[in-house]
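Next up, my_file.cif (mmCIF, C-alpha atoms):
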data_protein
loop_
_atom_site.label_atom_id
_atom_site.label_comp_id
_atom_site.auth_asym_id
_atom_site.auth_seq_id
_atom_site.Cartn_x
_atom_site.Cartn_y
_atom_site.Cartn_z
CA MET R 117 -1.02 8.35 -28.25
CA LEU R 118 -3.48 6.81 -25.83
CA ILE R 119 -1.32 4.01 -24.46
CA THR R 120 1.67 5.88 -22.99
CA LEU R 121 -0.35 8.38 -20.97
CA ASP R 122 -2.74 5.62 -19.91
CA ILE R 123 0.07 3.50 -18.52
CA VAL R 124 1.27 6.42 -16.40
CA ILE R 125 -2.27 6.86 -15.03
CA LEU R 126 -2.57 3.11 -14.40
CA ILE R 127 0.74 3.08 -12.49
CA LEU R 128 -0.52 5.99 -10.39
CA MET R 129 -3.70 4.02 -9.67
CA ILE R 130 -1.74 0.94 -8.57
CA LEU R 131 0.44 3.13 -6.31
CA ALA R 132 -2.64 4.71 -4.73
CA ALA R 133 -4.15 1.26 -4.18
CA LEU R 134 -0.92 0.03 -2.58
CA TRP R 135 -0.92 3.08 -0.33
CA ALA R 136 -4.52 2.34 0.66
CA VAL R 137 -3.59 -1.21 1.67
CA MET R 138 -0.16 -0.65 3.21
CA THR R 139 -0.58 2.54 5.24
CA ARG R 140 -0.93 2.27 8.99
CA SER R 141 -3.58 4.89 9.59
CA LEU R 142 -7.12 3.93 8.62
CA LEU R 143 -7.96 7.56 7.84
CA ARG R 144 -5.13 7.81 5.30
CA SER R 145 -6.29 4.49 3.91
CA GLY R 146 -9.76 5.91 3.25
CA ILE R 147 -8.27 8.99 1.59
CA ALA R 148 -6.05 6.79 -0.60
CA LEU R 149 -9.12 4.78 -1.62
CA ALA R 150 -10.81 8.02 -2.72
CA LEU R 151 -7.68 8.90 -4.70
CA THR R 152 -7.75 5.49 -6.41
CA SER R 153 -11.37 6.07 -7.31
CA ALA R 154 -10.65 9.56 -8.73
CA ILE R 155 -7.83 8.19 -10.91
CA LEU R 156 -10.16 5.41 -12.08
CA SER R 157 -12.73 8.01 -13.13
CA VAL R 158 -10.05 9.79 -15.23
CA LEU R 159 -9.39 6.46 -16.94
CA MET R 160 -13.11 6.04 -17.59
CA PHE R 161 -13.22 9.46 -19.28
CA LYS R 162 -10.36 8.38 -21.51
CA LEU R 163 -12.04 5.05 -22.25
CA ASN R 164 -15.06 6.77 -23.78
CA ALA R 165 -17.48 6.28 -20.86
CA PRO R 166 -18.17 9.81 -19.56
CA LEU R 167 -21.48 9.15 -17.83
CA ALA R 168 -20.11 6.23 -15.82
CA ALA R 169 -17.07 8.37 -14.99
CA VAL R 170 -19.28 11.11 -13.56
CA PHE R 171 -21.09 8.50 -11.47
CA GLU R 172 -17.78 7.07 -10.26
CA LEU R 173 -16.44 10.52 -9.39
CA SER R 174 -19.52 11.69 -7.54
CA VAL R 175 -20.64 8.49 -5.84
CA CYS R 176 -17.50 6.41 -5.24
CA THR R 177 -15.07 9.26 -4.63
CA GLY R 178 -17.50 11.45 -2.73
CA LEU R 179 -20.05 9.34 -0.96
CA ILE R 180 -18.00 6.26 -0.07
CA SER R 181 -15.05 8.27 1.24
CA VAL R 182 -17.45 10.32 3.41
CA LEU R 183 -18.95 7.03 4.59
CA PHE R 184 -15.56 5.52 5.46
CA ILE R 185 -14.21 8.63 7.13
CA SER R 186 -17.33 9.07 9.27
CA THR R 187 -17.13 5.39 10.25
CA ILE R 188 -13.46 5.71 11.19
CA SER R 189 -14.17 8.82 13.23
CA LEU R 190 -16.81 6.87 15.17
CA THR R 191 -14.20 4.35 16.31
CA GLN R 192 -11.53 5.20 18.85
CA PRO R 193 -7.81 5.22 18.03
CA LEU R 194 -5.32 2.82 19.62
CA SER R 195 -2.97 3.76 22.44
CA TYR R 196 0.75 4.29 21.80
CA GLU R 197 1.93 0.85 22.97
CA GLU R 198 -0.75 -0.85 20.93
CA ILE R 199 0.29 1.16 17.87
CA ILE R 200 3.94 0.06 18.24
CA LYS R 201 2.91 -3.59 18.61
CA HIS R 202 0.43 -3.30 15.77
CA MET R 203 2.99 -1.73 13.41
CA LYS R 204 5.41 -4.65 13.80
CA ASP R 205 2.59 -7.12 13.23
CA ARG R 206 1.36 -5.24 10.16
CA PHE R 207 4.81 -4.96 8.65
CA ARG R 208 5.33 -8.69 9.06
CA ARG R 209 2.07 -9.49 7.30
CA PHE R 210 2.13 -6.91 4.50
CA ARG R 211 5.80 -6.89 3.48
CA TYR R 212 5.27 -9.42 0.68
CA LEU R 213 2.54 -7.44 -1.10
CA PRO R 214 4.64 -5.03 -3.27
CA VAL R 215 6.90 -7.90 -4.31
CA ILE R 216 3.92 -10.07 -5.30
CA VAL R 217 2.30 -7.20 -7.25
CA ILE R 218 5.47 -6.30 -9.16
CA LEU R 219 6.24 -9.97 -9.91
CA ALA R 220 2.66 -10.49 -11.15
CA GLY R 221 2.96 -7.46 -13.43
CA ILE R 222 6.31 -8.51 -14.84
CA GLY R 223 5.16 -12.09 -15.32
CA LEU R 224 1.96 -11.08 -17.07
CA SER R 225 3.76 -8.65 -19.36
CA PHE R 226 5.42 -11.62 -21.07
CA VAL R 227 2.05 -13.18 -21.83
CA LYS R 228 0.07 -11.87 -24.78
CA VAL R 229 -3.69 -12.25 -24.47
CA ARG R 230 -5.84 -11.19 -27.39
CA PRO R 231 -9.51 -11.82 -26.58
CA ASN R 232 -11.74 -12.79 -29.44
CA LEU R 233 -14.38 -10.11 -29.06
CA ILE R 234 -16.48 -10.49 -32.19
CA LEU R 235 -19.94 -9.04 -31.72
CA PRO R 236 -22.95 -10.51 -33.51
CA PRO R 237 -25.20 -8.37 -35.70
CA PRO R 238 -28.31 -7.09 -33.85
CA GLU R 239 -30.81 -9.41 -35.56
CA THR R 240 -29.14 -12.51 -34.15
CA GLU R 241 -29.25 -11.23 -30.56
CA THR R 242 -32.26 -13.31 -29.65
CA ASN R 243 -30.89 -16.22 -27.66
CA VAL R 244 -29.58 -14.74 -24.41
CA ARG R 245 -27.66 -17.80 -23.30
CA ASN R 246 -25.86 -18.10 -26.64
CA ILE R 247 -24.89 -14.42 -26.59
CA LEU R 248 -23.78 -14.49 -22.98
CA TRP R 249 -21.59 -17.59 -23.13
CA ASN R 250 -20.24 -17.42 -26.67
CA PHE R 251 -19.83 -13.75 -27.46
CA ARG R 252 -19.60 -11.82 -24.18
CA SER R 253 -17.12 -14.05 -22.41
CA LEU R 254 -15.11 -11.06 -21.12
CA ASP R 255 -18.22 -9.82 -19.32
CA MET R 256 -18.62 -13.28 -17.80
CA VAL R 257 -15.09 -13.01 -16.38
CA GLY R 258 -16.11 -9.76 -14.71
CA GLN R 259 -19.25 -11.30 -13.28
CA VAL R 260 -17.34 -14.27 -11.91
CA ILE R 261 -14.93 -11.89 -10.18
CA VAL R 262 -17.92 -10.02 -8.66
CA LEU R 263 -19.19 -13.31 -7.29
CA LEU R 264 -15.71 -14.06 -5.92
CA CYS R 265 -15.78 -10.67 -4.17
CA GLY R 266 -18.96 -11.75 -2.36
CA VAL R 267 -17.49 -15.14 -1.48
CA PHE R 268 -14.34 -13.61 -0.01
CA GLY R 269 -16.44 -11.12 1.92
CA VAL R 270 -18.10 -14.09 3.58
CA VAL R 271 -14.77 -15.89 4.08
CA ILE R 272 -13.35 -13.13 6.27
CA LEU R 273 -16.22 -13.60 8.70
CA PHE R 274 -15.21 -17.22 9.27
CA LYS R 275 -11.52 -16.60 9.75
CA GLU R 276 -9.91 -18.67 12.49
CA ARG R 277 -7.71 -17.14 15.16
CA VAL R 278 -3.99 -17.20 14.51
CA LYS R 279 -2.20 -19.75 16.69
CA LYS R 280 1.15 -18.65 18.04
CA MET P 51 -14.50 -3.20 -32.88
CA ILE P 52 -11.87 -0.46 -33.06
CA PRO P 53 -8.71 -2.07 -34.51
CA GLN P 54 -6.22 -0.09 -32.46
CA ALA P 55 -8.35 -0.42 -29.32
CA ILE P 56 -7.67 -4.14 -29.14
CA GLN P 57 -3.99 -3.24 -28.69
CA ALA P 58 -4.96 -1.50 -25.45
CA PHE P 59 -6.46 -4.61 -23.89
CA TRP P 60 -3.46 -6.40 -22.49
CA PRO P 61 -1.62 -3.40 -20.92
CA PHE P 62 -4.85 -2.57 -19.14
CA GLY P 63 -5.37 -6.24 -18.27
CA ILE P 64 -2.00 -6.45 -16.49
CA PHE P 65 -2.86 -3.49 -14.27
CA ILE P 66 -6.38 -4.79 -13.61
CA PHE P 67 -4.85 -8.08 -12.50
CA MET P 68 -2.42 -6.23 -10.22
CA LEU P 69 -5.32 -4.36 -8.64
CA ILE P 70 -7.14 -7.69 -8.08
CA VAL P 71 -3.99 -9.12 -6.44
CA ILE P 72 -3.82 -6.10 -4.09
CA GLY P 73 -7.50 -6.51 -3.14
CA PHE P 74 -7.23 -10.26 -2.51
CA TYR P 75 -4.07 -9.87 -0.46
CA CYS P 76 -5.67 -7.14 1.65
CA ILE P 77 -8.79 -9.23 2.32
CA LEU P 78 -6.88 -12.42 3.11
CA THR P 79 -4.21 -10.83 5.31
CA THR P 80 -5.87 -8.13 7.37
CA PHE P 81 -7.75 -8.58 10.63
CA ASN P 82 -9.33 -5.14 10.64
CA LEU P 83 -12.90 -5.05 9.40
CA ILE P 84 -12.72 -1.59 7.81
CA ARG P 85 -9.53 -2.48 5.96
CA ALA P 86 -11.19 -5.63 4.68
CA LEU P 87 -13.93 -3.41 3.25
CA ILE P 88 -11.26 -1.27 1.59
CA GLY P 89 -9.82 -4.41 -0.04
CA LEU P 90 -13.29 -5.37 -1.25
CA GLU P 91 -13.68 -1.88 -2.70
CA LEU P 92 -10.39 -2.24 -4.60
CA LEU P 93 -11.62 -5.53 -6.10
CA LEU P 94 -14.84 -3.84 -7.19
CA LYS P 95 -12.87 -1.04 -8.82
CA ALA P 96 -10.85 -3.56 -10.82
CA VAL P 97 -14.05 -5.18 -12.08
CA THR P 98 -15.51 -1.77 -13.01
CA LEU P 99 -12.42 -0.95 -15.05
CA LEU P 100 -12.58 -4.35 -16.77
CA ILE P 101 -16.21 -3.81 -17.82
CA VAL P 102 -15.52 -0.27 -19.12
CA LEU P 103 -12.51 -1.59 -21.04
CA ALA P 104 -14.63 -4.31 -22.66
CA GLY P 105 -17.09 -1.64 -23.80
CA TYR P 106 -14.30 0.51 -25.22
CA ILE P 107 -12.78 -2.35 -27.18
CA THR P 108 -16.04 -3.62 -28.63
CA ASN P 109 -17.33 -0.07 -29.31
CA HIS P 110 -20.46 -0.74 -27.26
CA SER P 111 -19.91 1.98 -24.69
CA ALA P 112 -23.60 2.67 -24.09
CA LEU P 113 -24.31 -0.92 -23.05
CA THR P 114 -21.39 -1.10 -20.65
CA GLN P 115 -22.06 2.34 -19.19
CA ALA P 116 -25.57 1.20 -18.25
CA LEU P 117 -24.04 -1.88 -16.63
CA VAL P 118 -21.39 0.14 -14.80
CA ILE P 119 -23.90 2.66 -13.45
CA THR P 120 -26.00 -0.17 -12.04
CA PHE P 121 -22.84 -1.72 -10.65
CA ILE P 122 -21.78 1.52 -8.91
CA VAL P 123 -25.21 1.83 -7.30
CA VAL P 124 -25.05 -1.75 -6.04
CA GLU P 125 -21.51 -1.12 -4.77
CA VAL P 126 -22.64 1.89 -2.75
CA VAL P 127 -25.52 -0.06 -1.25
CA VAL P 128 -23.27 -2.97 -0.31
CA MET P 129 -20.71 -0.64 1.26
CA THR P 130 -23.36 1.23 3.25
CA VAL P 131 -24.85 -1.97 4.64
CA ALA P 132 -21.41 -3.41 5.37
CA VAL P 133 -20.29 -0.28 7.21
CA GLY P 134 -23.49 -0.44 9.26
CA VAL P 135 -22.78 -4.06 10.14
CA VAL P 136 -19.19 -3.17 11.08
CA LEU P 137 -20.38 -0.36 13.37
CA GLY P 138 -22.86 -2.74 14.98
CA ILE P 139 -20.11 -5.30 15.60
CA ARG P 140 -17.87 -2.57 16.98
CA SER P 141 -20.47 -1.33 19.44
CA HIS P 142 -21.06 -4.92 20.54
CA ASN P 143 -17.43 -6.00 20.91
CA ASN P 144 -15.73 -2.63 21.47
CA SER P 145 -13.15 -3.65 18.87
CA LEU P 146 -12.72 -3.88 15.12
CA ASP P 147 -10.26 -6.78 15.31
CA LEU P 148 -11.54 -10.07 13.92
CA ARG P 149 -9.41 -12.02 16.42
CA LYS P 150 -11.38 -10.51 19.30
CA MET P 151 -14.79 -11.42 17.89
CA LYS P 152 -15.43 -14.59 19.83
CA ASN P 153 -19.18 -14.42 20.12
CA ILE P 154 -19.71 -14.62 16.35
CA LYS P 155 -18.66 -18.26 16.36
CA GLY P 156 -21.72 -19.24 18.34
#
Can you turn what I pasted into structure tokens?
Amino acid sequence: MLITLDIVILILMILAALWAVMTRSLLRSGIALALTSAILSVLMFKLNAPLAAVFELSVCTGLISVLFISTISLTQPLSYEEIIKHMKDRFRRFRYLPVIVILAGIGLSFVKVRPNLILPPPETETNVRNILWNFRSLDMVGQVIVLLCGVFGVVILFKERVKK
Amino acid sequence: MIPQAIQAFWPFGIFIFMLIVIGFYCILTTFNLIRALIGLELLLKAVTLLIVLAGYITNHSALTQALVITFIVVEVVVMTVAVGVVLGIRSHNNSLDLRKMKNIKG
């Protein structure tokens, strides 16, 4: 059935994403991001969206990984002492992430969410605001998360220095 | 709506939420600009999967595929511009660390 194989693919995607965030080398991080994107395109094929999957595979897996890897190759690597210092610092900051992710997954698996996705017939699709807020609320959640992505992209620019 | 497709929503939703948690944690914790972009990319991937899943459940795949294709194009444009900005900052400061960027505070 669909679900069992899908969950294996989803677990692989989460592992690739964790590798992209946790690994020390930026180059490996870019490769792991491309792997995440490729696994996501497999999921899109299974979710009955082949055209979007082809776009994801060609553009996100190909173009963005080339972009990241060329950017990383334009920057210079750290020296050995800096790498040792940096590794300790990174481990201290990122050690909580797998625990948080696994706890979030276990916690959410006890909750059952069934969205009420009832679509209107085509002749009533005249009032855009009514359709958007009352019937396509799941899409609104996605749009709000896109806006949050932009907000957090701005937030990192205004980060304060860490006081020791 | 496909009746058995609605069963697939919540298992997918758990993993989408986990991907969002990974992206937020990466953005909020890292000080490297390129890794922050990687976290942003993970968040965008979670949103893409959520939109495709909504189209699969409601059997309106054509509508969501159009949305996702537009979204992927916007994502590539944002990433290209952001990488350009990061390279500009790097050539100006000779570092990718946010803690060393003092001149951006004015």
### Query
Got a sec to pull out which chain R residues are within 7 Å of chain P, counting all atoms listed in the file, and send them as a PyMOL selection string?
chain R and resi 119+126+130+134+137+160+163-165+167-168+171-172+180+209+217+220-221+224-225+228-229+233+254-255+258+265+277
### Summary
Expressed in Å, the length from CA of Asn143 (chain P) to CA of Ser141 (chain R) is 20.9 Å
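Counting from CA of Arg144 (chain R), the distance to CA of His142 (chain P) is 25.5 Å.
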### Message
Under the rule that all atoms listed in the file are counted, which of R:Ile125, R:Lys162, R:Val182, R:Leu131 is the nearest residue to Leu143 (chain R)?
### Response
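Answer, going by the shortest atom-to-atom distance: R:Val182.
When CA of Met129 (chain R) is paired with CA of Phe226 (chain R), their separation reads 21.4 Å.
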### Using only C-alpha atoms: which of R:Phe268, R:Tyr196, R:Phe207, R:Trp249 has the shortest distance to Met138 (chain R)
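Of all the options, R:Phe207 lies closest to Met138 (chain R).
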Listed atoms of region 125-131 of chain P boxed along x, y and z, 4 Å each side, centre and edge lengths in Å, one decimal, as AutoDock Vina command-line options:
--center_x -23.1 --center_y -0.5 --center_z -0.1 --size_x 12.8 --size_y 12.9 --size_z 17.4
